[in-house]
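Asks: One structure coming up, written as structure tokens, with questions to follow.
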Amino acid sequence: MRPAVTLLALLPLLLAAGAQDGTEGRAVYAREACWQCHVHARDVFPALTDARRAGPVIGAPGPARSPAWHLAHLYAPRATSPGSEMPAYAHLFAENPRAAEVEAFLKRHDRDGDGVVTKRECEDFQGLDTGNGIVSRADAAPLPSPDALALVRYLEGAERFAPVEAPPHASPPADRENAAARGRALFLATCAGCHGERADGNGPAAPFFGDHPPRNFLRGDYKFRSTRDAAPLDEDLFRTIRRGAGPSMAGWPRLPDTQVWDLVFYLEGLHPHFLTQELSVTERGGARGLRFVQSRADTDDAAGAVLADGRIRKEADLRWWWIDAEGERPIENGLEIGPHTFWLGRPVYDWMDEFRPKPLAIPEPPFPYSEESAAKGAQVYRELQCASCHGPLGKGDGMAAATSRGNLGEVVLPFDYTRGVRWFKGGSDPKSLVRTFLTGLHGTPMPSFATGFSAVTSAPAPEAPWNLAHHVLREARPR
Amino acid sequence: MRTMATTLVFVMLGCGGAQEPAASERPGTLGNDIRAGGDAWSPEKGTATVKGTVKFEGEAPPRRPIDVSGDKFCVQRRESDPLLSESLVVGADGGLANALIHVTAGLENWKFPGGTGEVVLDQVACQYVPHLLVAQVGQTLKVTNSDPIMHNVHGVNLKTEKDEFNWAQTKAGLEDTKELKKAGRLAIMCNVHSWMSANLWILKHPFFAVTGADGAFTLPKLPPGTYTIEVWHENEKLGTQTQSVTVADGETKEIAFKFSAK
């Protein structure tokens with residue numbers, strides 16, 4: 001072990017030597033002493049002692065991280081990385097001069113309390129939006145300094161993307177009695193930094209993800225599903241949590257399966273979309289009854305989402321039924337609110353079967369990637385007119401891009417998949433791509449092409465989705 | 001109040017004995033209010049009629065032509081037959097077209113069987129036909145494409161942000177269907193051609209009508225009683241109007257609605 005005094009004397013020389021390649025970001029990395037906690041896989045920095053290596057290795061193969069994530073992580077490390085010991089580098093940011101104005105505007109006009117003002121809530125944005133069609137806290141985000149941006153570019157350059165696999169996992173546990181309560185505790189500890197304590201997408205890190213905000217689970221829109229028109233399956237939510245959704249949400253490969261299921265059940269309890277929300281198990285008249293809340297499924301007033309802290313948003317819209325322990329028949333109905341949410345067992349699902357989402361059959365890839373398949377895929381792309389939105393080269397500049405909007409009226413640009421597979425939020429394997437082609441992405445203009453594929457002539461109908469996936473993957477390869 | 005009444009009904013039926021409710025009484029079952037009581041409606045029970053007109057008062061602004069230059073096919077198809085804005089269509093006699101007339105109160109004591117059959121929405125020359133479509137819970141929506149280009153049929157209930165569907169129909173002749181299980185209003189739009197829009201109303205009962213350019217409507221086969229009739233139009237500047245009307249057995253009553261630009 002070298003004497004610290006000598007090493008410290010050498011530090012300026014070592015740092016200066018590293019800066020000779022001229023990258024500003026590296027100079028910031030050195031100056032801010034990131035190397036004191038993070039080892040860099042391919043660059044040389046002084047090593048003080050091993051005990052100081054508290055942070056992950058920069059440049060190790062792993063999930064992609066988006067620039068927005070890096071900025072959020074620098075500003076508020078514990079928001080993106082629960083349990084992190086990294087100090088906040090807020091001095092690399094300046095406060096947004098419009099922050100107070102935006103906050104006041106939101107307070108005045110955000111009628112549904114989701115942290116976003118849409119054109120339906122207020123026509124005149126008074127110049128507060130950045131042209132994306134909505135006003136949100138992202139318009140008040142702290143502004144990164146040039147140093148911060150250079151540092152992020154340097155970190156991105158060091159990245160080695162290795163996608164997280166979704167390995168086979170345990171089935172959902174049969175006993176779900178307290179799963180949602182456990183899921184809520186885990187959510188607060190792990191997810192709330194971006195998704196917010198109320199699960200409405202308004203966590204402390206959220207403002208940095210302006211054009212692709214963390215999901216507001218209270219709305220019940222889910223992009224990545226196996227169902228065509230309906231809510232996602234439990235399995236779909238499990239997959240997204242485990243694998244992540246692109247470089248802004250890297251996934252949780254090391255959470256135990258049971259914990260991921262707890263999160264799934266917690267999320268499903270947040271929106272009446274999933275139709276059955278169980279409130280609590282109680283004893284009544286000797287018979288063990290299960291109470292659950294069902295939003296009025298046959299009217300359009302079914303907006304009574306169960307809020308993250310257990311309160312019902314609109315009590316008057318909700319009904320609930322007692323069911324006997326076999327889940328076979330309703331005994332009584334009434335109105336009451338309980339503190340927890342959790343799922344009912346199987347018998348009630350069967351009874352409610354007409355509303356259960358039915359998955360599309362998405363088979364395993366019938367053949368591997370090949371240049372011929374990708375070439376056919378290019379013809380399928382033309383036949384399905386994907387270029388209307390995605391443009392002829394897939395850069396997201398088709399004719400419809402200028403008016404492309406999500407459900408809130410926010411700008412949602414057609415995906416530019418030439419950015420590379422690390423940006424594929426639904427997964428970059430062919431099966432995930434085919435799933436997206438067949439289901440569409442709720443909340444965005446991307447439709448389901450299931451009917452379109454049935455009518456293609458440039459390739460046999462069962463093969464066409466895979467040809468198209470191969471074409472997209474080829475176009476997404478780095479050039 | 002309703003919940004109390006229902007509880008009482010169950011108690012009276014001896015709920016310890018746990019009578020299985022009929023399929024039509026289960027929550028979420030098609031075409032029903034969630035109530036244990038209520039007489040089943042059938043067409044013979046309705047002998048009254050409410051009819052009338054919906055008119056627009058004053059000078060209707062000329063319909064703006066829509067710019068379809070984004071799509072070559074739409075430009076070519078619409079060269080001789082330009083697409084005009086449908087947000088306010090007024091007929092020669094002042095009739096307000098594309099208004100929905102429906103009963104919003106007075107039917108609470110009836111249980112309606114689910115609707116049957118399908119309602120069809122077509123895409124013709126870069127426009128939805130019809131512009132306003134109404135169906136009953138239980139019917140099936142069929143969307144067809146009569147254009148040789150891609151339209152995506154993107155529907156969502158904007159109020160609840162649920163019931164979203166989004167289908168790409170890439171050539172002429174393709175069809176998609178959806179069972180309409182929940183009441184509400186779905187806004188339908190095409191993301192490729194942003195001027196295309198339509199509204200789909202799904203109601204729990206069969207008493208609704210859509211006006212044409214003559215503004216006339218008829219609501220036949222109403223059971224005798226007092227009803228609130230509402231007129232809705234997609235143009236928010238017109239607002240919504242309601243009138244209360246009482247009809248006796250076999251009676252026909254005429255009512256009139258007048259809208260003006262605010």
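Ordering of the structure tokens sets the chain letters (A, B, ...); residue numbers start at 1 within each chain; ligands are numbered from 1 in the order shown.
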Within 9 Å of segment 127-139 of chain B, counting only C-alpha atoms, which residues show up once you throw out same-chain ones fewer than 4 positions away? Write them as an NGL selection string, please.
Replies: (:A and (298)) or (:B and (30-32 or 83 or 86 or 98-100 or 113-123 or 178-183 or 189 or 195-206 or 208-210 or 234))
Asks: Could those residues be written to a file, using N, CA and C atoms, as a compact mmCIF listing (two decimals), in the first residue's frame?
Replies:
```txt
# COMPACT_ATOMS: atom_id res chain seq x y z
N ASP A 298 -70.46 -0.93 -16.34
CA ASP A 298 -71.33 -0.70 -17.49
C ASP A 298 -71.62 0.77 -17.71
N LEU B 30 -74.28 -7.29 -19.57
CA LEU B 30 -74.59 -6.36 -20.64
C LEU B 30 -75.95 -5.72 -20.49
N GLY B 31 -75.98 -4.45 -20.77
CA GLY B 31 -77.25 -3.76 -20.96
C GLY B 31 -78.01 -3.51 -19.68
N ASN B 32 -77.37 -3.58 -18.54
CA ASN B 32 -78.13 -3.45 -17.31
C ASN B 32 -77.57 -2.41 -16.39
N LEU B 83 -63.09 17.89 -48.99
CA LEU B 83 -63.53 17.54 -47.64
C LEU B 83 -63.77 18.82 -46.86
N GLU B 86 -66.64 19.08 -40.46
CA GLU B 86 -67.94 18.56 -40.02
C GLU B 86 -68.31 19.05 -38.63
N ASN B 98 -75.90 15.74 -37.19
CA ASN B 98 -74.94 15.07 -36.28
C ASN B 98 -75.17 15.45 -34.83
N ALA B 99 -76.43 15.62 -34.45
CA ALA B 99 -76.75 15.81 -33.03
C ALA B 99 -77.27 14.49 -32.50
N LEU B 100 -76.89 14.17 -31.28
CA LEU B 100 -77.39 12.95 -30.64
C LEU B 100 -78.51 13.32 -29.70
N PRO B 113 -82.57 -5.56 -22.19
CA PRO B 113 -81.72 -6.64 -22.67
C PRO B 113 -80.59 -6.06 -23.50
N GLY B 114 -79.54 -6.76 -23.60
CA GLY B 114 -78.41 -6.26 -24.37
C GLY B 114 -78.79 -6.06 -25.82
N GLY B 115 -78.16 -5.09 -26.46
CA GLY B 115 -78.41 -4.87 -27.88
C GLY B 115 -77.88 -6.03 -28.70
N THR B 116 -78.38 -6.15 -29.91
CA THR B 116 -77.91 -7.23 -30.78
C THR B 116 -77.50 -6.63 -32.11
N GLY B 117 -76.69 -7.38 -32.83
CA GLY B 117 -76.31 -6.94 -34.16
C GLY B 117 -75.08 -6.05 -34.11
N GLU B 118 -74.76 -5.50 -35.28
CA GLU B 118 -73.56 -4.68 -35.33
C GLU B 118 -73.86 -3.29 -35.85
N VAL B 119 -72.97 -2.37 -35.48
CA VAL B 119 -72.99 -1.02 -36.06
C VAL B 119 -71.69 -0.90 -36.84
N VAL B 120 -71.76 -0.22 -37.95
CA VAL B 120 -70.62 -0.21 -38.87
C VAL B 120 -70.08 1.19 -39.02
N LEU B 121 -68.79 1.31 -38.90
CA LEU B 121 -68.09 2.58 -39.16
C LEU B 121 -67.19 2.32 -40.36
N ASP B 122 -67.29 3.17 -41.35
CA ASP B 122 -66.50 2.97 -42.56
C ASP B 122 -65.55 4.15 -42.74
N GLN B 123 -64.49 3.90 -43.48
CA GLN B 123 -63.53 4.96 -43.79
C GLN B 123 -63.55 5.11 -45.30
N LYS B 178 -65.34 -5.19 -32.48
CA LYS B 178 -65.15 -5.08 -31.02
C LYS B 178 -66.53 -5.16 -30.39
N GLU B 179 -66.64 -5.99 -29.38
CA GLU B 179 -67.90 -6.03 -28.63
C GLU B 179 -67.98 -4.81 -27.73
N LEU B 180 -69.12 -4.17 -27.73
CA LEU B 180 -69.28 -2.96 -26.93
C LEU B 180 -69.94 -3.34 -25.62
N LYS B 181 -69.12 -3.45 -24.59
CA LYS B 181 -69.64 -3.97 -23.32
C LYS B 181 -69.89 -2.86 -22.32
N LYS B 182 -69.35 -1.69 -22.55
CA LYS B 182 -69.47 -0.63 -21.54
C LYS B 182 -70.05 0.62 -22.18
N ALA B 183 -70.91 1.28 -21.43
CA ALA B 183 -71.50 2.52 -21.95
C ALA B 183 -70.49 3.64 -21.87
N MET B 189 -60.28 8.45 -33.83
CA MET B 189 -59.45 9.30 -34.67
C MET B 189 -58.49 8.44 -35.47
N TRP B 195 -57.06 14.91 -39.51
CA TRP B 195 -58.37 15.59 -39.56
C TRP B 195 -59.53 14.62 -39.36
N MET B 196 -59.27 13.32 -39.47
CA MET B 196 -60.36 12.35 -39.38
C MET B 196 -60.77 12.17 -37.93
N SER B 197 -62.04 12.36 -37.66
CA SER B 197 -62.52 12.09 -36.30
C SER B 197 -63.98 11.68 -36.37
N ALA B 198 -64.37 10.90 -35.40
CA ALA B 198 -65.76 10.46 -35.28
C ALA B 198 -66.02 10.23 -33.80
N ASN B 199 -67.29 10.15 -33.45
CA ASN B 199 -67.66 9.83 -32.07
C ASN B 199 -68.54 8.61 -32.06
N LEU B 200 -68.28 7.74 -31.12
CA LEU B 200 -69.11 6.55 -30.94
C LEU B 200 -69.70 6.61 -29.55
N TRP B 201 -71.01 6.71 -29.49
CA TRP B 201 -71.71 6.68 -28.20
C TRP B 201 -72.25 5.27 -27.98
N ILE B 202 -72.08 4.78 -26.77
CA ILE B 202 -72.62 3.47 -26.42
C ILE B 202 -73.58 3.70 -25.27
N LEU B 203 -74.83 3.38 -25.50
CA LEU B 203 -75.85 3.65 -24.48
C LEU B 203 -76.45 2.34 -23.99
N LYS B 204 -77.05 2.42 -22.82
CA LYS B 204 -77.57 1.21 -22.22
C LYS B 204 -78.98 0.88 -22.66
N HIS B 205 -79.60 1.80 -23.37
CA HIS B 205 -80.99 1.59 -23.74
C HIS B 205 -81.14 1.97 -25.21
N PRO B 206 -82.25 1.62 -25.82
CA PRO B 206 -82.37 1.86 -27.27
C PRO B 206 -82.98 3.19 -27.67
N PHE B 208 -82.44 6.44 -28.68
CA PHE B 208 -81.52 7.45 -29.15
C PHE B 208 -81.76 7.67 -30.63
N ALA B 209 -81.32 8.82 -31.10
CA ALA B 209 -81.44 9.12 -32.53
C ALA B 209 -80.34 10.08 -32.91
N VAL B 210 -79.96 10.06 -34.17
CA VAL B 210 -78.96 10.99 -34.69
C VAL B 210 -79.62 11.78 -35.80
N GLU B 234 -71.06 17.48 -30.94
CA GLU B 234 -69.62 17.44 -30.69
C GLU B 234 -69.02 18.82 -30.61
```
Asks: Mind listing the strand (DSSP E) residues of segment 45-119 of chain A, per DSSP on the backbone, as a PDB file with C-alpha atoms, in the first residue's frame?
Replies:
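Output (out_32.pdb):
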```
ATOM      1  CA  PRO A  61     -21.484  -4.638 -19.707  1.00  0.00           C
ATOM      2  CA  GLY A  62     -24.936  -3.901 -18.448  1.00  0.00           C
ATOM      3  CA  PHE A  93     -27.225  22.145 -12.384  1.00  0.00           C
ATOM      4  CA  ALA A  94     -28.832  25.532 -12.311  1.00  0.00           C
ATOM      5  CA  VAL A 116     -49.818  17.515 -16.140  1.00  0.00           C
ATOM      6  CA  VAL A 117     -51.889  20.265 -17.711  1.00  0.00           C
TER       7      VAL A 117
END
```
Asks: How far is it from atom CA of Ile229 of chain B to atom CA of Phe207 of chain B, in Å with one decimal?
Replies: 9.6 Å
Asks: Could you check how far atom CA of Leu233 of chain A sits from atom CA of Arg219 of chain A, in Å to one decimal?
Replies: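 Going from atom CA of Leu233 of chain A over to atom CA of Arg219 of chain A covers 16.1 Å.
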Asks: At a cut-off of 10 Å, using only C-alpha atoms, what residues contact Asp176 of chain B? Leave out same-chain residues fewer than 6 positions from it and give the result as a list in words.
Replies: Ala450 and Thr451 of chain A; Leu141, Lys142, Val143, Thr144, Asn145, Val153, Trp167, Ala168 and Gln169 of chain B
Asks: Any chance you could export the current selection's N, CA and C atoms as an mmCIF file, in the first residue's frame?
Replies:
```
data_model
loop_
_atom_site.group_PDB
_atom_site.id
_atom_site.type_symbol
_atom_site.label_atom_id
_atom_site.label_comp_id
_atom_site.auth_asym_id
_atom_site.auth_seq_id
_atom_site.Cartn_x
_atom_site.Cartn_y
_atom_site.Cartn_z
ATOM 1 N N ALA A 450 -52.381 -6.504 -36.353
ATOM 2 C CA ALA A 450 -52.797 -7.899 -36.498
ATOM 3 C C ALA A 450 -53.638 -8.110 -37.755
ATOM 4 N N THR A 451 -54.578 -7.196 -37.994
ATOM 5 C CA THR A 451 -55.411 -7.347 -39.198
ATOM 6 C C THR A 451 -54.594 -7.095 -40.443
ATOM 7 N N LEU B 141 -69.217 -3.370 -32.672
ATOM 8 C CA LEU B 141 -68.746 -2.336 -33.590
ATOM 9 C C LEU B 141 -67.918 -3.020 -34.665
ATOM 10 N N LYS B 142 -68.243 -2.728 -35.911
ATOM 11 C CA LYS B 142 -67.417 -3.232 -37.013
ATOM 12 C C LYS B 142 -66.858 -2.031 -37.741
ATOM 13 N N VAL B 143 -65.563 -2.007 -37.923
ATOM 14 C CA VAL B 143 -64.941 -0.910 -38.640
ATOM 15 C C VAL B 143 -64.372 -1.471 -39.935
ATOM 16 N N THR B 144 -64.711 -0.826 -41.038
ATOM 17 C CA THR B 144 -64.222 -1.299 -42.330
ATOM 18 C C THR B 144 -63.442 -0.179 -43.010
ATOM 19 N N ASN B 145 -62.578 -0.571 -43.901
ATOM 20 C CA ASN B 145 -61.780 0.398 -44.634
ATOM 21 C C ASN B 145 -62.145 0.308 -46.111
ATOM 22 N N VAL B 153 -57.570 3.008 -36.796
ATOM 23 C CA VAL B 153 -58.799 3.346 -36.105
ATOM 24 C C VAL B 153 -58.465 3.384 -34.621
ATOM 25 N N TRP B 167 -56.393 0.004 -34.185
ATOM 26 C CA TRP B 167 -56.170 -1.018 -35.195
ATOM 27 C C TRP B 167 -55.694 -0.372 -36.486
ATOM 28 N N ALA B 168 -54.697 -0.953 -37.093
ATOM 29 C CA ALA B 168 -54.245 -0.476 -38.400
ATOM 30 C C ALA B 168 -54.981 -1.272 -39.465
ATOM 31 N N GLN B 169 -55.591 -0.575 -40.402
ATOM 32 C CA GLN B 169 -56.249 -1.245 -41.536
ATOM 33 C C GLN B 169 -55.536 -0.753 -42.768
#
```
Asks: Could you name the residues that touch Ala60 of chain B at 9 Å or less, counting only C-alpha atoms, but leaving out those on the same chain fewer than 4 positions away, as a PyMOL selection string?
Replies: chain B and resi 56+88-90+94+260-261
Asks: Those selected residues, please, written with N, CA and C atoms and delivered as a short mmCIF file (atom, residue, chain, number, x, y, z; two decimals), in the first residue's frame.
Replies:
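The file below, part.cif, is the result:
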```cif
data_model
loop_
_atom_site.label_atom_id
_atom_site.label_comp_id
_atom_site.auth_asym_id
_atom_site.auth_seq_id
_atom_site.Cartn_x
_atom_site.Cartn_y
_atom_site.Cartn_z
N PHE B 56 -80.59 24.96 -35.87
CA PHE B 56 -79.54 25.93 -35.57
C PHE B 56 -80.06 27.29 -35.96
N LEU B 88 -69.71 21.73 -37.69
CA LEU B 88 -71.03 22.36 -37.62
C LEU B 88 -71.67 22.23 -38.99
N VAL B 89 -72.55 21.26 -39.12
CA VAL B 89 -73.22 21.01 -40.40
C VAL B 89 -74.68 21.38 -40.23
N VAL B 90 -75.13 22.37 -40.97
CA VAL B 90 -76.50 22.86 -40.85
C VAL B 90 -77.17 22.70 -42.20
N GLY B 94 -82.08 24.95 -41.75
CA GLY B 94 -81.58 25.23 -40.41
C GLY B 94 -81.50 24.01 -39.52
N SER B 260 -77.69 27.90 -30.94
CA SER B 260 -77.07 29.00 -31.67
C SER B 260 -75.61 29.07 -31.27
N ALA B 261 -74.82 29.68 -32.10
CA ALA B 261 -73.40 29.81 -31.79
C ALA B 261 -73.22 30.81 -30.67
#
```
Asks: Extract, using only C-alpha atoms, all DNA, RNA and protein residues at most 10 Å from Ser454 of chain A, discarding same-chain residues fewer than 6 positions from it, and format them as a list in words.
Replies: Pro460, Ala461, Pro462, Ala464 and Pro465 of chain A; Leu174 of chain B
Asks: Near Leu158 of chain B, within 10 Å and counting only C-alpha atoms, which residues show up once chain neighbours fewer than 6 positions away are dropped, as a list in words?
Replies: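 The residues that qualify are Asp300, Asn407 and Leu408 of chain A; Glu164, Gly184, Arg185, Leu186, Ala187 and Ile188 of chain B.
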Asks: For the selection you just gave me, I'd like the residues written to a file as a compact mmCIF listing (two decimals), in the first residue's frame, keeping N, CA and C atoms.
Replies:
```
# COMPACT_ATOMS: atom_id res chain seq x y z
N ASP A 300 -69.80 4.95 -18.07
CA ASP A 300 -68.54 5.64 -18.31
C ASP A 300 -68.11 6.43 -17.09
N ASN A 407 -52.44 10.26 -25.85
CA ASN A 407 -53.79 10.45 -25.34
C ASN A 407 -53.98 11.74 -24.56
N LEU A 408 -52.89 12.30 -24.04
CA LEU A 408 -53.02 13.56 -23.30
C LEU A 408 -52.91 14.76 -24.23
N GLU B 164 -59.47 1.66 -24.67
CA GLU B 164 -58.72 2.10 -25.84
C GLU B 164 -58.55 0.95 -26.82
N GLY B 184 -70.69 4.63 -22.70
CA GLY B 184 -69.79 5.78 -22.67
C GLY B 184 -69.62 6.36 -24.06
N ARG B 185 -68.76 7.35 -24.13
CA ARG B 185 -68.50 7.94 -25.43
C ARG B 185 -67.05 7.73 -25.79
N LEU B 186 -66.84 7.16 -26.95
CA LEU B 186 -65.48 6.96 -27.43
C LEU B 186 -65.20 7.96 -28.53
N ALA B 187 -64.08 8.63 -28.43
CA ALA B 187 -63.62 9.48 -29.53
C ALA B 187 -62.78 8.60 -30.44
N ILE B 188 -63.04 8.69 -31.74
CA ILE B 188 -62.30 7.85 -32.68
C ILE B 188 -61.52 8.77 -33.61
```
Asks: Figure out the distance between atom CA of Lys253 of chain B and atom CA of Glu59 of chain B, please, to one decimal in Å.
Replies: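 Calculated distance between atom CA of Glu59 of chain B and atom CA of Lys253 of chain B is 28.6 Å.
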Asks: Identify which of the residues B:Ser80, B:Thr246, B:Thr170, B:Thr53 lies closest to chain A, counting only C-alpha atoms when measuring atom-to-atom distances.
Replies: B:Thr170
Asks: Neighbours of Pro97 of chain A within 10 Å (only C-alpha atoms; same-chain residues fewer than 2 positions away dropped), as a list in words?
Replies: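 After dropping sequence-adjacent residues, the list is Ala94, Glu95, Ala99, Ala100, Glu101, Val102, Ala140, Ala141, Pro142 and Leu143 of chain A.
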Asks: Take the residues that were just selected and, keeping N, CA and C atoms, output them as an mmCIF file, in the first residue's frame.
Replies:
```
data_model
loop_
_atom_site.group_PDB
_atom_site.id
_atom_site.type_symbol
_atom_site.label_atom_id
_atom_site.label_comp_id
_atom_site.auth_asym_id
_atom_site.auth_seq_id
_atom_site.Cartn_x
_atom_site.Cartn_y
_atom_site.Cartn_z
ATOM 1 N N ALA A 94 -28.336 24.224 -12.723
ATOM 2 C CA ALA A 94 -28.832 25.532 -12.311
ATOM 3 C C ALA A 94 -30.332 25.427 -12.160
ATOM 4 N N GLU A 95 -30.876 26.200 -11.255
ATOM 5 C CA GLU A 95 -32.332 26.144 -11.092
ATOM 6 C C GLU A 95 -33.004 26.733 -12.309
ATOM 7 N N ALA A 99 -39.281 27.842 -12.904
ATOM 8 C CA ALA A 99 -39.814 26.806 -12.013
ATOM 9 C C ALA A 99 -41.023 27.303 -11.231
ATOM 10 N N ALA A 100 -40.924 28.519 -10.673
ATOM 11 C CA ALA A 100 -42.031 29.009 -9.850
ATOM 12 C C ALA A 100 -43.275 29.240 -10.701
ATOM 13 N N GLU A 101 -43.053 29.782 -11.905
ATOM 14 C CA GLU A 101 -44.202 30.028 -12.803
ATOM 15 C C GLU A 101 -44.897 28.736 -13.171
ATOM 16 N N VAL A 102 -44.100 27.715 -13.499
ATOM 17 C CA VAL A 102 -44.686 26.435 -13.907
ATOM 18 C C VAL A 102 -45.471 25.837 -12.750
ATOM 19 N N ALA A 140 -40.059 22.537 -15.637
ATOM 20 C CA ALA A 140 -39.380 23.256 -14.561
ATOM 21 C C ALA A 140 -38.142 22.511 -14.115
ATOM 22 N N ALA A 141 -37.681 21.579 -14.928
ATOM 23 C CA ALA A 141 -36.561 20.740 -14.512
ATOM 24 C C ALA A 141 -35.307 21.572 -14.341
ATOM 25 N N PRO A 142 -34.458 21.208 -13.391
ATOM 26 C CA PRO A 142 -33.179 21.908 -13.241
ATOM 27 C C PRO A 142 -32.385 21.810 -14.545
ATOM 28 N N LEU A 143 -31.683 22.886 -14.864
ATOM 29 C CA LEU A 143 -30.968 22.937 -16.136
ATOM 30 C C LEU A 143 -29.545 22.430 -15.955
#
```
Asks: Rank A:Gly394, A:Pro67, A:Pro163, A:Pro87 by their smallest atom-to-atom distance to Gly251 of chain A, using only C-alpha atoms, and report the top residue only.
Replies: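 Closest to Gly251 of chain A, using only C-alpha atoms: A:Pro163.
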Asks: Determine the nearest neighbour of Arg63 of chain B from the options B:Pro82, B:Pro220, B:Gly155, B:Gly46, counting only C-alpha atoms.
Replies: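 The answer is B:Pro82, which sits nearest to Arg63 of chain B.
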